[in-house]
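Colleague: Submitted below is the structure of interest, expressed as structure tokens.
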Amino acid sequence: MPKSRLNTLVSGLALFAALGVAAPVMAGKDNNTLNVAFAAEPEPLDTYKIAGRQGLILARHIYDGLLYKNLDTGEILPALAESWAYTGDLTMEFTLRQGVTFHNGAAFTADDVVETLNTVITPEYGTRYSISVDWIDSVEKIDDFTVRINMSKPFAGAVEMLADALPIYPHEYFAANGSEGMARAPVGTGPYRLVAQEPGVLYEMERFADHYAGSPKSGATIDKITVRTIPEMNTQYAELMSGALDWIWRIPPDQAARLESRVQIISAPIMRISYVGFAPTSLDGDSPVADKTVRQALIHAVNREAIVDAFAGGGSQVLNTPCNPAQFGCAQDVTAYDYDPDKARAMLAEAGYGDGFDLDMVFAAMPRPVAEAIAADLANVGVTLELNEQQYAAGVGKWRAGELPAFFSNWGSYGIGDVAFILSNFFGGGGDDMVQDADLAEWLTTADTSTDRAVREENYTKAVQKIADEAYWMPMYNFNVNYGLSSDLSFTPHPDEFARWWQASWK
Amino acid sequence: MLPFLFRRLIVALAVAIAVSALSFALMFLTGDPAIAIAGAGGRAEDAEAIRIAYGFDRPFVVQYLDWMGSALTGDFGQSIYFNIPVAEIIGNRLPVTLTLGVLSFVLALAIAVPLGVLAALRPNGILDRFALLLAVTGQAIPSFWLGLMAIVVFGVGLGWVPISGVTTWQGYLLPVMVLAYSVIPALMRITRSGMIDVLGTDYVRTAYARGLPVHTVLLRHALKNAILPLISLAAVQLGVLLSGSIVIESVFAINGLGRLAWESLLRSDLPVVQAIILILSLIYVLLTTCADILNALLDPRLRGAA
């Protein structure tokens with residue numbers, strides 16, 4: 001349906017172009033305002049409670065973390081902290097930057113770091129992703145510009161987390177107003193400050209003139225950013241083509257191709273990957289996918305190349321690993337399963353399923369045509385896939401309850417280039433692990449808690465290789481995001497899906 | 001009249017309670033709200049923490065009674081997603097939806113009723129054919145398509161109106177017209193068929209025979225009788241306009257109640273969904289009750305029947 005809607009829209013526009021009717025031009029370049037639209041409503045702007053990318057992008061313009069990661073070089077840069085060091089196995093010390101001011105004029109000191117982090121680690125605060133803060137035991141003030149973080153457990157992702165994912169709030173304001181107050185009137189040290197908002201609907205930001213010197217987020221040139229929620233993508237296209245919008249994203253591949261002639265379209269790979277997870281322990285182990293040969297046969301049966309070409313678009317590629325090749329620890333020398341239906345049939349016969357079988361598969365947050373293509377390929381080797389599309393919550397609920405032998409969905413690793421943020425969740429022995437492989441859990445725990453890169457790499461490699469050997473997952477492909485931009489705008493996308501508008505400028 | 005009113009109000013209240021209980025149950029059938037709130041990157045541990053924090057681990061009936069108890073005192077609780085009071089969010093969104101719904105309704109009536117009456121005067125005449133064409137296309141064209149086409153022509157092409165949003169009054173023009181067009185066919189056809197029935201009756205013939213002018217016969221004698229089914233239908237259609245403008249609100253990026261309900265359902269924001277359902281069911285009940293009362297006033301025969 002969306003495709004046919006676009007067809008009508010585009011042909012309608014073509015008609016107008018042919019009639020010589022000029023569209024009004026109200027480009028944001030003229031008043032140095034970046035006009036942005038999201039399809040989904042941003043959450044309240046307390047970073048610690050946000051799950052969606054839209055809210056997090058806004059929050060990263062308003063707040064700063066202690067550190068910052070330059071994704072182009074992989075380098076961790078000082079932000080609110082000038083320097084830092086591990087002072088023990090479980091302690092890190094930070095020397096803070098002086099002369100930083102918050103949007104409300106308050107001066108940044110160690111009290112802000114201590115108050116913010118000590119508050120958000122309490123269970124009562126309800127930080128959305130426990131993984132982001134559960135490694136912090138407590139934060140101490142050494143002097144006005146030195147703090148120490150005491151870790152509750154070794155966590156290799158600590159530095160990644162401190163790099164802009166854990167923002168620092170002004171302590172007096174935060175203590176007085178709490179999470180709700182931060183969301184109502186956010187106050188940070190970031191390159192933009194929020195001047196007006198209608199929650200979920202409209203956000204207006206202005207460049208913060210007193211943003212601290214030496215910030216890794218410095219150099220913003222655009223004065224104002226206006227963000228609106230426009231749920232219907234076709235309406236976004238119309239606004240973009242008329243010049244009322246300068247920046248939209250997540251345009252489906254087929255529609256991006258059609259828009260290309262009229263606006264600036266850029267495409268960039270991201271961390272998110274899609275996968276079919278097999279659950280050997282589901283249905284009390286009484287399912288064909290409990291058999292390794294069957295799982296391998298299923299992967300041989302699916303023509304993933306063809307599926308990627310037809311549906312994924314852009315720079316997506318077939319994956320052999322349960323992680324994005326761009327992530328640290330995602331070794332690529334693993335068993336690969338090429339498309340070979342004859343071999344699949346032979347393997348199924350060998351496993352005692354010569355007559356095929358029925359298999360339930362739920363798919364969530366994935367396009368139906370892709371799920372249907374998988375089903376068609378499997379039908380070709382005698383396996384009848386009972387497809388069921390569900391909301392992510394419903395699907396993952398069944399998965400965790402052990403009622404689902406196969407689940408087709410995707411995982412974004414929080415945009416972080418480290419396999420710690422994907423493997424451990426699905427294979428580390430926790431609530432999402434439907435494989436319960438003791439070897440994997442052990443290697444992953446070792447890798448996740450070590451600070452030695454070589455040790456981590458070695459253990460992740462073993463895990464990735466075993467997951468491929470055992471065919472616990474059928475990895476599908478990595479995602480791309482298509483951005484639609486005003487032709488005047490220069491903008492560089494990043495694989496973590498965090499738009500950095502402070503780096504954007506007009507051509 | 002009083003016993004009639006009393007009976008209607010009891011039924012109305014029962015309907016509202018039944019709807020809210022059913023919708024509460026349905027929310028839990030569509031998936032675990034804790035997982036939905038944890039989001040696509042949520043781990044099993046995150047969902048568990050949310051389950052306890054929001055009390056989703058308690059028995060279903062206890063949760064419902066807890067909500068109902070607060071709702072009866074006017075406290076709809078906090079939105080899980082926005083972390084602000086539900087009443088505040090609805091207070092922000094309701095005016096837009098009311099404006100849109102009422103304007104569309106008035107426009108639809110202003111077109112449908114005269115057109116229906118005129119069409120009934122000469123069945124199969126040229127005006128009737130035109131009305132039929134309007135009705136058939138109105139029923140057949142999906143409103144999202146009509147909305148997008150209107151955007152292409154008047155917003156992008158001619159640049160007369162804003163493409164989306166209702167920050168200015170011009171922003172209401174397209175959505176009101178598109179929304180009105182979706183209810184015109186039903187209203188017009190029921191006016192037309194009602195008028196045709198009435199115009200064939202003896203008393204209308206008698207009225208003409210007495211030499212009364214056409215407009216008096218039409219408006220005072222015929223329309224008053226033909227309007228009864230129209231009132232019932234119009235009440236339902238106004239309810240539809242107020243609660244069911246999700247598609248139009250999406251196309252024109254209008255942040256009203258319909259879209260809020262839809263989005264809240266997807267993110268399992270139970271307090272918001274429950275409050276909206278309660279409000280909308282009350283609106284429906286109120287509208288149908290008003291229609292019944294209006295009909296009873298116009299036609300004494302109906303007073304005993306409800």
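Residue numbers start at 1 in each chain; chains themselves are named A, B, ... in the order of the structure tokens; ligands are numbered from 1 in the order shown.
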How close does chain A get to chain B? List, as a tab-separated table, each residue of chain A within 6 Å, its nearest atom pair and the distance in Å to one decimal, counting only C-alpha atoms.
Modeller:
```
residue	atom	partner	partner_atom	distance
A:Ala23	CA	B:Gly157	CA	5.5
A:Pro44	CA	B:Phe82	CA	5.6
A:Ile230	CA	B:Ala253	CA	4.8
A:Pro231	CA	B:Ser250	CA	5.5
A:Glu232	CA	B:Val251	CA	5.3
A:Ser242	CA	B:Val156	CA	5.8
A:Ala393	CA	B:Ala36	CA	4.6
A:Ala394	CA	B:Gly31	CA	4.1
A:Gly431	CA	B:Ala44	CA	5.0
A:Asp432	CA	B:Ala44	CA	5.9
```
Colleague: With a distance cut-off of 8 Å and only C-alpha atoms, select the neighbouring residues of Gly258 of chain B, excluding the residue or stretch itself and same-chain residues fewer than 6 positions from it, and output the selection as a ChimeraX atom specification.
Modeller: /B:97,242-246,249
Colleague: Which polymer residues have any atom within 12 Å of an atom of Glu350 of chain A, counting only C-alpha atoms, with same-chain residues fewer than 5 positions away left out, as a VMD selection string?
Modeller: chain A and resid 291 to 294 296 to 297 343 to 345 355 to 356
Colleague: Which residues in segment 73-255 of chain B does DSSP call helix (DSSP H, G or I)? List them as a ChimeraX atom specification.
Modeller: /B:86-121,126-140,143-157,170-199,202-209,214-243,246-251
Colleague: Please, what distance in Å, to one decimal, runs between atom CA of Asp143 of chain A and atom CA of Gly188 of chain A?
Modeller: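 Computing the Euclidean distance for atom CA of Asp143 of chain A and atom CA of Gly188 of chain A yields 21.6 Å.
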Colleague: Report, in Å with one decimal, the straight-line distance from atom CA of Leu98 of chain B to atom CA of Val201 of chain A.
Modeller: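 Taking atom CA of Leu98 of chain B as the start and atom CA of Val201 of chain A as the end point, the length is 17.8 Å.
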Colleague: Would you kindly return, as a list of chain:residue names, each protein, DNA or RNA residue with an atom no farther than 9 Å from any atom of Leu94 of chain B, considering only C-alpha atoms and excluding same-chain residues fewer than 5 positions away?
Modeller: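 Non-adjacent residues within range: B:Ile89, B:Thr99, B:Gly256, B:Leu257.
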